[in-house]
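Quick look at final-v2.csv (CSV, C-alpha atoms and all ligand atoms):
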chain,number,residue,atom,x,y,z
A,1,MET,CA,63.9,47.9,-15.7
A,2,ASN,CA,65.9,50.5,-13.6
A,3,ILE,CA,67.8,52.9,-15.8
A,4,THR,CA,70.4,55.6,-15.4
A,5,ILE,CA,70.6,58.4,-17.9
A,6,VAL,CA,73.9,60.2,-17.8
A,7,GLY,CA,73.3,63.7,-19.4
A,8,GLY,CA,69.5,63.1,-19.1
A,9,THR,CA,68.5,66.7,-18.4
A,10,GLY,CA,69.2,67.8,-21.9
A,11,PHE,CA,67.1,67.9,-25.1
A,12,VAL,CA,67.4,64.2,-26.0
A,13,GLY,CA,67.3,63.1,-22.3
A,14,ARG,CA,64.0,64.8,-21.6
A,15,ALA,CA,62.5,63.1,-24.7
A,16,LEU,CA,63.8,59.7,-23.6
A,17,ILE,CA,62.3,60.1,-20.2
A,18,GLY,CA,59.0,60.9,-21.8
A,19,GLN,CA,59.2,57.8,-24.1
A,20,TRP,CA,60.3,55.6,-21.2
A,21,GLU,CA,57.3,56.8,-19.1
A,22,ARG,CA,54.9,56.1,-21.9
A,23,PHE,CA,56.1,52.7,-23.1
A,24,SER,CA,58.2,51.1,-20.4
A,25,PRO,CA,56.5,51.7,-17.0
A,26,GLY,CA,58.0,50.2,-13.9
A,27,GLY,CA,61.4,50.6,-12.4
A,28,TRP,CA,63.2,53.8,-11.5
A,29,ILE,CA,65.0,56.4,-13.6
A,30,ARG,CA,68.1,58.1,-12.3
A,31,VAL,CA,69.4,61.2,-14.1
A,32,LEU,CA,72.9,62.6,-13.7
A,33,SER,CA,74.0,66.0,-14.8
A,34,ARG,CA,75.9,69.0,-13.4
A,35,ARG,CA,72.9,71.4,-13.3
A,36,LYS,CA,69.5,70.8,-11.8
A,37,PRO,CA,66.7,70.0,-14.4
A,38,GLY,CA,64.8,73.1,-15.4
A,39,LYS,CA,61.4,71.3,-14.8
A,40,PRO,CA,60.3,68.7,-12.3
A,41,LEU,CA,61.0,65.0,-13.3
A,42,PRO,CA,58.3,62.3,-13.2
A,43,ALA,CA,57.6,60.7,-9.8
A,44,ASN,CA,59.7,57.6,-10.5
A,45,ALA,CA,62.7,59.7,-11.6
A,46,GLU,CA,65.4,61.3,-9.4
A,47,TRP,CA,68.1,63.7,-10.3
A,48,LEU,CA,71.7,63.4,-9.0
A,49,ALA,CA,74.2,66.3,-9.2
A,50,GLY,CA,77.4,65.1,-10.7
A,51,SER,CA,79.7,64.9,-13.7
A,52,ILE,CA,80.8,62.2,-16.1
A,53,MET,CA,84.3,63.4,-15.1
A,54,ASP,CA,83.7,62.4,-11.5
A,55,PRO,CA,83.7,58.6,-11.0
A,56,GLU,CA,82.2,59.0,-7.5
A,57,SER,CA,79.0,60.6,-8.8
A,58,LEU,CA,78.9,58.1,-11.6
A,59,SER,CA,79.0,55.3,-9.1
A,60,ARG,CA,76.1,56.8,-7.2
A,61,ALA,CA,74.1,57.2,-10.4
A,62,LEU,CA,74.8,53.7,-11.6
A,63,GLU,CA,74.3,51.7,-8.4
A,64,GLY,CA,71.5,49.1,-8.9
A,65,ALA,CA,70.8,50.1,-12.5
A,66,ASP,CA,70.0,47.5,-15.2
A,67,ALA,CA,71.0,49.7,-18.1
A,68,VAL,CA,72.8,53.0,-18.6
A,69,PHE,CA,72.0,55.6,-21.4
A,70,HIS,CA,75.0,57.7,-22.2
A,71,LEU,CA,73.8,61.1,-23.6
A,72,THR,CA,76.6,63.3,-22.4
A,73,GLY,CA,78.0,65.2,-25.3
A,74,ILE,CA,79.0,68.7,-26.3
A,75,LEU,CA,78.8,70.5,-29.6
A,76,ALA,CA,80.7,73.7,-28.6
A,77,GLU,CA,83.8,73.3,-26.5
A,78,THR,CA,84.5,75.5,-23.5
A,79,ARG,CA,87.6,76.1,-21.4
A,80,THR,CA,86.6,73.2,-19.0
A,81,GLN,CA,84.7,70.9,-21.3
A,82,THR,CA,86.6,69.7,-24.4
A,83,TYR,CA,85.7,66.9,-26.8
A,84,GLU,CA,88.6,64.8,-25.6
A,85,LYS,CA,87.5,65.3,-21.9
A,86,ILE,CA,83.7,64.8,-22.3
A,87,HIS,CA,83.5,62.3,-25.2
A,88,VAL,CA,86.6,60.2,-24.6
A,89,GLU,CA,87.7,60.5,-20.9
A,90,GLY,CA,84.1,60.8,-19.8
A,91,THR,CA,83.1,57.6,-21.7
A,92,ARG,CA,86.1,55.8,-20.3
A,93,ASN,CA,85.0,56.8,-16.7
A,94,LEU,CA,81.5,55.7,-17.4
A,95,ILE,CA,82.5,52.3,-18.8
A,96,GLU,CA,84.9,51.7,-16.0
A,97,ARG,CA,82.2,52.4,-13.3
A,98,ALA,CA,79.5,50.5,-15.1
A,99,LYS,CA,81.8,47.4,-15.3
A,100,ALA,CA,82.8,47.7,-11.6
A,101,LEU,CA,79.1,47.9,-10.6
A,102,GLY,CA,77.9,45.2,-12.9
A,103,VAL,CA,75.8,47.4,-15.2
A,104,ARG,CA,76.2,45.5,-18.4
A,105,ARG,CA,73.7,47.1,-20.7
A,106,ALA,CA,74.5,50.4,-22.3
A,107,VAL,CA,73.0,52.7,-25.0
A,108,TYR,CA,75.2,55.3,-26.4
A,109,VAL,CA,74.3,58.4,-28.5
A,110,SER,CA,77.1,59.1,-31.0
A,111,ALA,CA,76.5,61.1,-34.2
A,112,ILE,CA,76.4,60.6,-38.0
A,113,GLY,CA,79.9,61.2,-39.3
A,114,ALA,CA,81.7,59.6,-36.4
A,115,SER,CA,84.8,58.0,-37.8
A,116,ARG,CA,88.5,57.5,-37.0
A,117,ASP,CA,89.6,59.9,-39.7
A,118,ALA,CA,86.8,62.4,-39.7
A,119,VAL,CA,87.6,66.1,-40.5
A,120,SER,CA,86.2,67.4,-37.2
A,121,ARG,CA,87.5,66.5,-33.8
A,122,TYR,CA,83.8,66.3,-32.7
A,123,HIS,CA,83.3,63.3,-35.0
A,124,ARG,CA,86.7,61.8,-34.2
A,125,THR,CA,86.1,61.8,-30.5
A,126,LYS,CA,82.6,60.5,-30.9
A,127,PHE,CA,84.2,57.6,-32.8
A,128,GLN,CA,86.8,57.1,-30.1
A,129,ALA,CA,84.0,56.8,-27.5
A,130,GLU,CA,82.2,54.3,-29.8
A,131,ASP,CA,85.4,52.3,-29.9
A,132,LEU,CA,85.8,52.3,-26.1
A,133,PHE,CA,82.3,50.8,-25.9
A,134,ARG,CA,83.1,48.4,-28.7
A,135,TRP,CA,86.0,46.9,-26.8
A,136,SER,CA,84.5,47.3,-23.3
A,137,GLY,CA,82.8,43.9,-23.1
A,138,LEU,CA,79.5,45.7,-22.2
A,139,ASP,CA,76.3,45.0,-24.1
A,140,VAL,CA,76.1,48.2,-26.0
A,141,THR,CA,73.8,49.7,-28.7
A,142,THR,CA,75.0,52.8,-30.5
A,143,PHE,CA,72.8,55.4,-32.1
A,144,ARG,CA,74.2,57.8,-34.7
A,145,PRO,CA,71.6,60.5,-35.3
A,146,SER,CA,71.7,63.3,-37.9
A,147,VAL,CA,70.6,66.7,-36.6
A,148,ILE,CA,67.7,66.4,-34.2
A,149,PHE,CA,64.6,68.7,-34.0
A,150,GLY,CA,61.7,68.9,-31.5
A,151,PRO,CA,60.5,70.9,-28.5
A,152,GLY,CA,63.4,72.5,-26.7
A,153,ASP,CA,65.9,72.0,-29.6
A,154,ARG,CA,68.6,74.6,-30.5
A,155,PHE,CA,68.5,73.8,-34.2
A,156,VAL,CA,65.1,75.0,-35.3
A,157,SER,CA,64.9,77.7,-32.6
A,158,LEU,CA,68.1,79.3,-33.8
A,159,PHE,CA,67.1,79.6,-37.4
A,160,ALA,CA,63.5,80.6,-36.5
A,161,ALA,CA,64.9,83.4,-34.3
A,162,MET,CA,67.3,84.6,-37.0
A,163,GLY,CA,64.6,84.6,-39.7
A,164,LYS,CA,62.1,86.4,-37.4
A,165,LYS,CA,64.5,89.0,-36.0
A,166,PHE,CA,67.0,89.6,-38.7
A,167,HIS,CA,65.1,88.4,-41.8
A,168,VAL,CA,68.1,86.5,-42.9
A,169,LEU,CA,68.9,82.8,-43.0
A,170,PRO,CA,72.6,82.0,-43.6
A,171,VAL,CA,73.9,78.9,-45.5
A,172,ILE,CA,77.6,78.0,-45.3
A,173,GLY,CA,79.1,78.0,-48.8
A,174,PRO,CA,76.7,77.2,-51.6
A,175,GLY,CA,74.3,75.4,-49.3
A,176,THR,CA,74.4,72.2,-51.3
A,177,ASN,CA,75.5,69.9,-48.4
A,178,ARG,CA,72.9,67.5,-47.3
A,179,ILE,CA,71.3,67.0,-43.9
A,180,HIS,CA,68.7,64.5,-42.6
A,181,PRO,CA,66.8,66.0,-39.6
A,182,VAL,CA,65.1,63.6,-37.2
A,183,TYR,CA,62.4,64.2,-34.7
A,184,VAL,CA,63.6,63.8,-31.1
A,185,GLY,CA,60.6,61.6,-30.1
A,186,ASP,CA,61.4,59.1,-32.9
A,187,LEU,CA,65.0,58.8,-31.8
A,188,ALA,CA,64.0,58.5,-28.1
A,189,ARG,CA,61.5,55.8,-29.0
A,190,ALA,CA,64.1,53.7,-30.9
A,191,MET,CA,66.5,54.1,-28.0
A,192,ALA,CA,63.9,53.0,-25.4
A,193,LEU,CA,63.0,50.0,-27.6
A,194,SER,CA,66.6,49.0,-28.1
A,195,ALA,CA,67.2,48.7,-24.3
A,196,GLU,CA,64.6,45.9,-24.2
A,197,ARG,CA,65.7,44.2,-27.5
A,198,PRO,CA,68.7,41.9,-27.1
A,199,GLU,CA,69.1,41.7,-30.9
A,200,THR,CA,70.2,45.4,-30.9
A,201,ILE,CA,73.3,44.6,-28.8
A,202,GLY,CA,76.5,45.2,-30.7
A,203,ARG,CA,74.7,47.2,-33.4
A,204,THR,CA,75.3,50.8,-34.6
A,205,TYR,CA,72.2,52.5,-36.0
A,206,SER,CA,72.1,55.5,-38.3
A,207,ILE,CA,69.1,57.6,-37.6
A,208,GLY,CA,67.5,60.2,-39.8
A,209,GLY,CA,64.0,61.5,-40.6
A,210,PRO,CA,61.8,60.9,-43.7
A,211,ARG,CA,63.5,63.4,-45.9
A,212,ILE,CA,67.1,64.5,-46.9
A,213,TYR,CA,67.5,68.2,-47.5
A,214,THR,CA,70.3,70.4,-48.8
A,215,TYR,CA,71.0,73.3,-46.4
A,216,ARG,CA,69.3,75.6,-48.9
A,217,GLU,CA,66.2,73.4,-49.1
A,218,LEU,CA,66.1,73.4,-45.3
A,219,MET,CA,66.1,77.2,-45.2
A,220,GLU,CA,63.4,77.2,-47.8
A,221,THR,CA,61.4,74.8,-45.6
A,222,PHE,CA,61.8,77.1,-42.6
A,223,ILE,CA,60.6,80.1,-44.7
A,224,ALA,CA,57.5,78.2,-46.0
A,225,SER,CA,56.5,76.4,-42.9
A,226,LEU,CA,57.1,79.2,-40.4
A,227,HIS,CA,55.9,81.9,-42.8
A,228,LEU,CA,59.2,83.8,-42.4
A,229,LYS,CA,60.0,86.9,-44.5
A,230,ALA,CA,63.7,86.1,-44.8
A,231,LEU,CA,66.5,86.0,-47.4
A,232,ILE,CA,68.7,83.0,-47.8
A,233,LEU,CA,72.3,84.4,-47.6
A,234,PRO,CA,75.2,82.2,-48.7
A,235,GLN,CA,78.2,82.9,-46.5
A,236,PRO,CA,81.8,82.2,-47.5
A,237,PRO,CA,83.2,79.6,-45.0
A,238,ALA,CA,86.4,81.8,-44.5
A,239,LEU,CA,84.3,84.8,-43.3
A,240,LEU,CA,82.2,82.6,-41.0
A,241,GLY,CA,85.4,81.1,-39.7
A,242,LEU,CA,86.6,84.6,-38.6
A,243,GLY,CA,83.3,85.2,-36.8
A,244,ALA,CA,83.6,81.7,-35.1
A,245,THR,CA,87.2,82.4,-34.0
A,246,LEU,CA,86.1,85.6,-32.4
A,247,GLN,CA,83.2,83.9,-30.6
A,248,GLU,CA,85.5,81.2,-29.3
A,249,TRP,CA,87.7,83.9,-27.8
A,250,ILE,CA,84.9,86.0,-26.3
A,251,LEU,CA,81.9,83.9,-25.4
A,252,PRO,CA,81.9,81.3,-22.6
A,253,VAL,CA,79.7,79.0,-24.8
A,254,PRO,CA,80.0,80.1,-28.5
A,255,PHE,CA,77.0,79.7,-30.9
A,256,LEU,CA,79.2,79.0,-33.8
A,257,THR,CA,82.7,77.4,-33.7
A,258,ARG,CA,85.2,76.4,-36.4
A,259,GLU,CA,84.4,72.7,-35.7
A,260,MET,CA,80.8,73.4,-36.4
A,261,ILE,CA,81.7,75.0,-39.7
A,262,LYS,CA,83.8,71.9,-40.7
A,263,MET,CA,80.8,69.7,-39.9
A,264,ALA,CA,78.3,71.9,-41.8
A,265,LEU,CA,80.4,71.6,-44.9
A,266,GLU,CA,80.0,67.8,-44.9
A,267,ASP,CA,76.9,65.7,-45.8
A,268,ASN,CA,75.2,64.4,-42.6
A,269,ILE,CA,72.8,61.7,-43.7
A,270,ALA,CA,71.6,58.3,-42.4
A,271,MET,CA,72.3,55.8,-45.0
A,272,PRO,CA,70.5,53.4,-44.5
A,273,ASN,CA,68.0,55.0,-42.2
A,274,ASP,CA,67.6,52.5,-39.3
A,275,LEU,CA,64.6,54.3,-37.8
A,276,SER,CA,62.3,52.7,-40.4
A,277,LEU,CA,64.5,49.8,-41.5
A,278,SER,CA,65.5,48.3,-38.1
A,279,PHE,CA,62.9,49.8,-35.7
A,280,ASN,CA,59.9,49.9,-38.1
A,281,LEU,CA,59.0,53.4,-37.0
A,282,ASN,CA,57.4,55.9,-39.3
A,283,PRO,CA,59.4,59.1,-38.6
A,284,MET,CA,57.8,62.5,-38.3
A,285,GLY,CA,58.8,65.0,-41.0
A,286,LEU,CA,60.2,68.5,-40.3
A,287,GLU,CA,57.3,70.2,-42.1
A,288,ALA,CA,54.7,68.2,-40.2
A,289,TYR,CA,56.4,69.1,-36.9
A,290,LEU,CA,56.8,72.8,-37.8
A,291,GLU,CA,53.1,73.1,-38.8
A,292,SER,CA,51.8,71.1,-35.8
A,293,ASP,CA,51.0,72.1,-32.2
A,294,LEU,CA,54.1,70.2,-31.1
A,295,TYR,CA,56.3,73.1,-32.4
A,296,ARG,CA,54.5,75.6,-30.3
A,297,ARG,CA,54.7,73.4,-27.2
A,298,PRO,CA,57.2,74.4,-24.5
A,299,ALA,CA,60.1,72.0,-23.9
A,300,PRO,CA,59.3,69.1,-21.7
B,401,LIG,N1,71.0,67.6,-30.6
B,401,LIG,C1,71.5,67.1,-31.8
B,401,LIG,O1,71.1,67.6,-32.9
B,401,LIG,C2,72.4,66.0,-31.8
B,401,LIG,C3,72.8,65.4,-33.0
B,401,LIG,C4,73.7,64.3,-33.0
B,401,LIG,C5,74.1,63.8,-31.8
B,401,LIG,N2,73.8,64.4,-30.7
B,401,LIG,C6,74.3,63.8,-29.4
B,401,LIG,O2,73.2,63.4,-28.6
B,401,LIG,C7,73.5,63.5,-27.2
B,401,LIG,C8,72.5,64.4,-26.5
B,401,LIG,O3,72.4,65.6,-27.1
B,401,LIG,P1,71.5,66.8,-26.6
B,401,LIG,O4,71.1,67.6,-27.8
B,401,LIG,O5,70.5,66.2,-25.6
B,401,LIG,O6,72.5,67.7,-25.7
B,401,LIG,P2,72.2,68.7,-24.6
B,401,LIG,O7,70.8,69.2,-24.7
B,401,LIG,O8,73.3,69.7,-24.6
B,401,LIG,O9,72.3,67.9,-23.3
B,401,LIG,C9,73.5,67.4,-22.8
B,401,LIG,C10,73.3,66.8,-21.4
B,401,LIG,O10,74.6,66.4,-21.0
B,401,LIG,C11,74.8,67.0,-19.7
B,401,LIG,N3,76.3,67.2,-19.4
B,401,LIG,C12,77.1,68.1,-20.0
B,401,LIG,N4,78.3,68.0,-19.5
B,401,LIG,C13,78.3,67.0,-18.6
B,401,LIG,C14,79.2,66.5,-17.7
B,401,LIG,N5,80.5,66.9,-17.6
B,401,LIG,N6,78.8,65.5,-16.8
B,401,LIG,C15,77.5,65.0,-16.8
B,401,LIG,N7,76.5,65.5,-17.7
B,401,LIG,C16,76.9,66.5,-18.5
B,401,LIG,C17,74.0,68.3,-19.7
B,401,LIG,O11,73.7,68.7,-18.4
B,401,LIG,P3,74.7,69.7,-17.6
B,401,LIG,O12,75.2,70.7,-18.6
B,401,LIG,O13,73.8,70.4,-16.5
B,401,LIG,O14,75.7,68.9,-17.0
B,401,LIG,C18,72.8,67.7,-20.4
B,401,LIG,O15,72.0,67.0,-19.5
B,401,LIG,C19,74.9,64.2,-27.2
B,401,LIG,O16,75.9,63.2,-27.0
B,401,LIG,C20,75.1,64.8,-28.6
B,401,LIG,O17,76.4,64.8,-29.0
B,401,LIG,C21,72.9,65.4,-30.6
Please, can you express the file's structure as structure tokens?
Ligand SMILES: NC(=O)c1ccc[n+]([C@@H]2O[C@H](COP(=O)([O-])OP(=O)(O)OC[C@H]3O[C@@H](n4cnc5c(N)ncnc54)[C@H](OP(=O)(O)O)[C@@H]3O)[C@@H](O)[C@H]2O)c1
Amino acid sequence: MNITIVGGTGFVGRALIGQWERFSPGGWIRVLSRRKPGKPLPANAEWLAGSIMDPESLSRALEGADAVFHLTGILAETRTQTYEKIHVEGTRNLIERAKALGVRRAVYVSAIGASRDAVSRYHRTKFQAEDLFRWSGLDVTTFRPSVIFGPGDRFVSLFAAMGKKFHVLPVIGPGTNRIHPVYVGDLARAMALSAERPETIGRTYSIGGPRIYTYRELMETFIASLHLKALILPQPPALLGLGATLQEWILPVPFLTREMIKMALEDNIAMPNDLSLSFNLNPMGLEAYLESDLYRRPAP
């Protein structure tokens, strides 16, 4: 099977390429992104420079593919990349080009919390993208993961760095909201499997790991598994909101935005968890990952 991965140089994309190499040999992999991959791709993979906002580069990337994986998504908006542009307009472009070129099979990565009337625009635009696929006539499978961890992630790296350098781990509000971290290799494996399973067409899968944590429990896990000497510090959302507003003004790509705060104040859990239920996988736990060699491995 020949596949195109739009947004394939990122964290999930690199894991997907790894899984595809291991379990689905044969065929080529074409990866589209704006920036060159940081590390060489496998021999059967090629990188094309382009953007989901540019139909011409999308056409070049999709030509001759049997399936497209759509991984382009942003958490922090910038002046040129907004949720509406990347999630909605970009998905519309991709669907239009895929249909024109006869690429019928698509796998889309959305997010837990995607819904028409979600509090955050991130989740609303993810839902709009899902909806575009739903009515596209393409054979689409949608994945909604909770927060994802693994080599090259931003999630664990950020908290680990804070704990090590500043000896503080912040939680937003009381830290009672729940989160369901999933290992990137498990998500990538389910995605790779789905491309070859016709019964996954038209389905939307919620994806989480083996354990649900409150934010406070998550920070306690980081402290225990990474041997951090750090204090858990509850932060009033309004105060963090001020910091986020400042970052949005000053930084080209902010670490924390007001949209991220809205999302962190909601539960983010896979119910039911399709990783085990629908794909029969035994997901890796966060503790097992943090305490294994995998955690110390450089990003692929
Ligand atoms: N990581 C998580 O915890 C998490 C949780 C839930 C859902 N998701 C979703 O999973 C998907 C993959 O996430 P990720 O963590 O792998 O993100 P990532 O590491 O930021 O990778 C994003 C990829 O998209 C590419 N990209 C960005 N703008 C683009 C554009 N205009 N045209 C073409 N490619 C573009 C990036 O490359 P360039 O910047 O070089 O173009 C990169 O290859 C996203 O849709 C995200 O919303 C992630």
Taking only residues of chain A that have an atom at most 8 Å from an atom of ligand LIG 401 (chain B), what is each one's shortest atom pair and its distance in Å to one decimal, using only C-alpha atoms and all ligand atoms, in chain and number order, as a tab-separated table?
residue	atom	partner	partner_atom	distance
A:Val6	CA	B:LIG401	N7	5.9
A:Gly7	CA	B:LIG401	O10	3.4
A:Gly8	CA	B:LIG401	O15	4.6
A:Thr9	CA	B:LIG401	O15	3.7
A:Gly10	CA	B:LIG401	O9	3.4
A:Phe11	CA	B:LIG401	O5	3.8
A:Val12	CA	B:LIG401	O5	3.7
A:Gly13	CA	B:LIG401	O5	5.5
A:Arg14	CA	B:LIG401	O5	7.8
A:Leu32	CA	B:LIG401	C15	6.0
A:Ser33	CA	B:LIG401	N7	3.9
A:Arg34	CA	B:LIG401	O14	3.6
A:Arg35	CA	B:LIG401	O13	3.5
A:Lys36	CA	B:LIG401	O13	6.4
A:Pro37	CA	B:LIG401	O13	7.4
A:Gly50	CA	B:LIG401	C15	6.1
A:Ser51	CA	B:LIG401	N6	3.3
A:Ile52	CA	B:LIG401	N6	3.9
A:Met53	CA	B:LIG401	N5	5.7
A:Asp54	CA	B:LIG401	N6	7.9
A:His70	CA	B:LIG401	O16	7.4
A:Leu71	CA	B:LIG401	C7	4.3
A:Thr72	CA	B:LIG401	O10	3.9
A:Gly73	CA	B:LIG401	O16	3.4
A:Ile74	CA	B:LIG401	O17	5.4
A:Leu75	CA	B:LIG401	O17	6.2
A:Gln81	CA	B:LIG401	N5	6.9
A:Ile86	CA	B:LIG401	N5	6.1
A:His87	CA	B:LIG401	O16	7.9
A:Gly90	CA	B:LIG401	N5	7.4
A:Tyr108	CA	B:LIG401	O16	8.0
A:Val109	CA	B:LIG401	O2	5.1
A:Ser110	CA	B:LIG401	C5	5.6
A:Ala111	CA	B:LIG401	C5	4.3
A:Ile112	CA	B:LIG401	C4	6.8
A:Lys126	CA	B:LIG401	O17	7.8
A:Arg144	CA	B:LIG401	C5	6.7
A:Pro145	CA	B:LIG401	C4	4.9
A:Ser146	CA	B:LIG401	C4	5.4
A:Val147	CA	B:LIG401	O1	3.8
A:Ile148	CA	B:LIG401	O1	3.8
A:Phe149	CA	B:LIG401	O1	6.7
A:Asp153	CA	B:LIG401	N1	6.8
A:Arg154	CA	B:LIG401	N1	7.4
A:Phe155	CA	B:LIG401	O1	6.8
Atoms to include: C-alpha atoms. Write the selected residues as a CSV table (one decimal), in the frame of the given file.
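Wrote selection10.csv, looks like this:
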chain,number,residue,atom,x,y,z
A,6,VAL,CA,73.9,60.2,-17.8
A,7,GLY,CA,73.3,63.7,-19.4
A,8,GLY,CA,69.5,63.1,-19.1
A,9,THR,CA,68.5,66.7,-18.4
A,10,GLY,CA,69.2,67.8,-21.9
A,11,PHE,CA,67.1,67.9,-25.1
A,12,VAL,CA,67.4,64.2,-26.0
A,13,GLY,CA,67.3,63.1,-22.3
A,14,ARG,CA,64.0,64.8,-21.6
A,32,LEU,CA,72.9,62.6,-13.7
A,33,SER,CA,74.0,66.0,-14.8
A,34,ARG,CA,75.9,69.0,-13.4
A,35,ARG,CA,72.9,71.4,-13.3
A,36,LYS,CA,69.5,70.8,-11.8
A,37,PRO,CA,66.7,70.0,-14.4
A,50,GLY,CA,77.4,65.1,-10.7
A,51,SER,CA,79.7,64.9,-13.7
A,52,ILE,CA,80.8,62.2,-16.1
A,53,MET,CA,84.3,63.4,-15.1
A,54,ASP,CA,83.7,62.4,-11.5
A,70,HIS,CA,75.0,57.7,-22.2
A,71,LEU,CA,73.8,61.1,-23.6
A,72,THR,CA,76.6,63.3,-22.4
A,73,GLY,CA,78.0,65.2,-25.3
A,74,ILE,CA,79.0,68.7,-26.3
A,75,LEU,CA,78.8,70.5,-29.6
A,81,GLN,CA,84.7,70.9,-21.3
A,86,ILE,CA,83.7,64.8,-22.3
A,87,HIS,CA,83.5,62.3,-25.2
A,90,GLY,CA,84.1,60.8,-19.8
A,108,TYR,CA,75.2,55.3,-26.4
A,109,VAL,CA,74.3,58.4,-28.5
A,110,SER,CA,77.1,59.1,-31.0
A,111,ALA,CA,76.5,61.1,-34.2
A,112,ILE,CA,76.4,60.6,-38.0
A,126,LYS,CA,82.6,60.5,-30.9
A,144,ARG,CA,74.2,57.8,-34.7
A,145,PRO,CA,71.6,60.5,-35.3
A,146,SER,CA,71.7,63.3,-37.9
A,147,VAL,CA,70.6,66.7,-36.6
A,148,ILE,CA,67.7,66.4,-34.2
A,149,PHE,CA,64.6,68.7,-34.0
A,153,ASP,CA,65.9,72.0,-29.6
A,154,ARG,CA,68.6,74.6,-30.5
A,155,PHE,CA,68.5,73.8,-34.2
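Using all atoms listed in the file, the smallest distance between any of A:Trp28, A:Phe69, A:Tyr215, A:Trp135 and Pro170 (chain A) comes from A:Tyr215.
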Env of region 261-263 of chain A: 9 Å cut, atoms = all atoms listed in the file, seq-sep filter 6 positions within chain, self excluded. Answer as a count of residues only. 10
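Across the structure, CA of Val31 (chain A) and CA of Ala114 (chain A) are spaced 25.5 Å apart.
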Find the distance between CA of Ala192 (chain A) and CA of Gln19 (chain A) and write it in Å to one decimal. 6.8 Å
Could you please determine the separation between CA of Thr245 (chain A) and CA of Thr257 (chain A) in Å, to one decimal place? 6.7 Å
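Minimum atom-to-atom distances from A:Gly208, A:Pro55, A:Pro272, A:Pro234 to Gly185 (chain A) were compared using all atoms listed in the file, and the lowest value belongs to A:Gly208.
For the residues A:Glu259, A:Asp139, A:Glu287, A:Glu84, ranking by smallest atom-to-atom distance to Ser225 (chain A) using all atoms listed in the file places A:Glu287 first.
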Selected residue, from A:Lys85, A:Arg30, A:Arg178, A:Arg104, that lies nearest to Asp267 (chain A) when counting all atoms listed in the file: A:Arg178
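Proximity of A:Leu16, A:Glu248, A:Phe133, A:Arg97 to Glu63 (chain A), computed with only C-alpha atoms, is greatest for A:Arg97.
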Who sits within 9 Å of Ser278 (chain A), only C-alpha atoms, same chain under 4 positions skipped, as a ChimeraX atom specification: /A:205,273-274
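Closest approach to Ala238 (chain A) among A:Phe143, A:Gly173, A:Arg203, A:Ile212: A:Gly173, based on only C-alpha atoms.
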Missing atoms in region 210-222 of chain A need filling: write out N, CA and C atoms for it as a PDB file, in the coordinates of the input.
ATOM      1  N   PRO A 210      62.313  61.401 -42.411  1.00  0.00           N
ATOM      2  CA  PRO A 210      61.800  60.900 -43.700  1.00  0.00           C
ATOM      3  C   PRO A 210      62.383  61.550 -44.921  1.00  0.00           C
ATOM      4  N   ARG A 211      63.068  62.710 -44.745  1.00  0.00           N
ATOM      5  CA  ARG A 211      63.500  63.400 -45.900  1.00  0.00           C
ATOM      6  C   ARG A 211      64.952  63.963 -45.761  1.00  0.00           C
ATOM      7  N   ILE A 212      65.725  63.893 -46.854  1.00  0.00           N
ATOM      8  CA  ILE A 212      67.100  64.500 -46.900  1.00  0.00           C
ATOM      9  C   ILE A 212      66.954  65.856 -47.548  1.00  0.00           C
ATOM     10  N   TYR A 213      67.552  66.877 -46.946  1.00  0.00           N
ATOM     11  CA  TYR A 213      67.500  68.200 -47.500  1.00  0.00           C
ATOM     12  C   TYR A 213      68.911  68.731 -47.780  1.00  0.00           C
ATOM     13  N   THR A 214      69.064  69.598 -48.774  1.00  0.00           N
ATOM     14  CA  THR A 214      70.300  70.400 -48.800  1.00  0.00           C
ATOM     15  C   THR A 214      70.050  71.528 -47.806  1.00  0.00           C
ATOM     16  N   TYR A 215      71.126  72.190 -47.377  1.00  0.00           N
ATOM     17  CA  TYR A 215      71.000  73.300 -46.400  1.00  0.00           C
ATOM     18  C   TYR A 215      70.031  74.369 -46.994  1.00  0.00           C
ATOM     19  N   ARG A 216      70.176  74.602 -48.305  1.00  0.00           N
ATOM     20  CA  ARG A 216      69.300  75.600 -48.900  1.00  0.00           C
ATOM     21  C   ARG A 216      67.838  75.180 -48.861  1.00  0.00           C
ATOM     22  N   GLU A 217      67.573  73.896 -49.163  1.00  0.00           N
ATOM     23  CA  GLU A 217      66.200  73.400 -49.100  1.00  0.00           C
ATOM     24  C   GLU A 217      65.645  73.495 -47.657  1.00  0.00           C
ATOM     25  N   LEU A 218      66.549  73.277 -46.710  1.00  0.00           N
ATOM     26  CA  LEU A 218      66.100  73.400 -45.300  1.00  0.00           C
ATOM     27  C   LEU A 218      65.687  74.782 -44.970  1.00  0.00           C
ATOM     28  N   MET A 219      66.458  75.765 -45.422  1.00  0.00           N
ATOM     29  CA  MET A 219      66.100  77.200 -45.200  1.00  0.00           C
ATOM     30  C   MET A 219      64.786  77.508 -45.874  1.00  0.00           C
ATOM     31  N   GLU A 220      64.609  76.982 -47.097  1.00  0.00           N
ATOM     32  CA  GLU A 220      63.400  77.200 -47.800  1.00  0.00           C
ATOM     33  C   GLU A 220      62.177  76.619 -47.034  1.00  0.00           C
ATOM     34  N   THR A 221      62.424  75.468 -46.401  1.00  0.00           N
ATOM     35  CA  THR A 221      61.400  74.800 -45.600  1.00  0.00           C
ATOM     36  C   THR A 221      61.017  75.700 -44.394  1.00  0.00           C
ATOM     37  N   PHE A 222      62.040  76.244 -43.721  1.00  0.00           N
ATOM     38  CA  PHE A 222      61.800  77.100 -42.600  1.00  0.00           C
ATOM     39  C   PHE A 222      60.923  78.330 -43.032  1.00  0.00           C
TER      40      PHE A 222
END
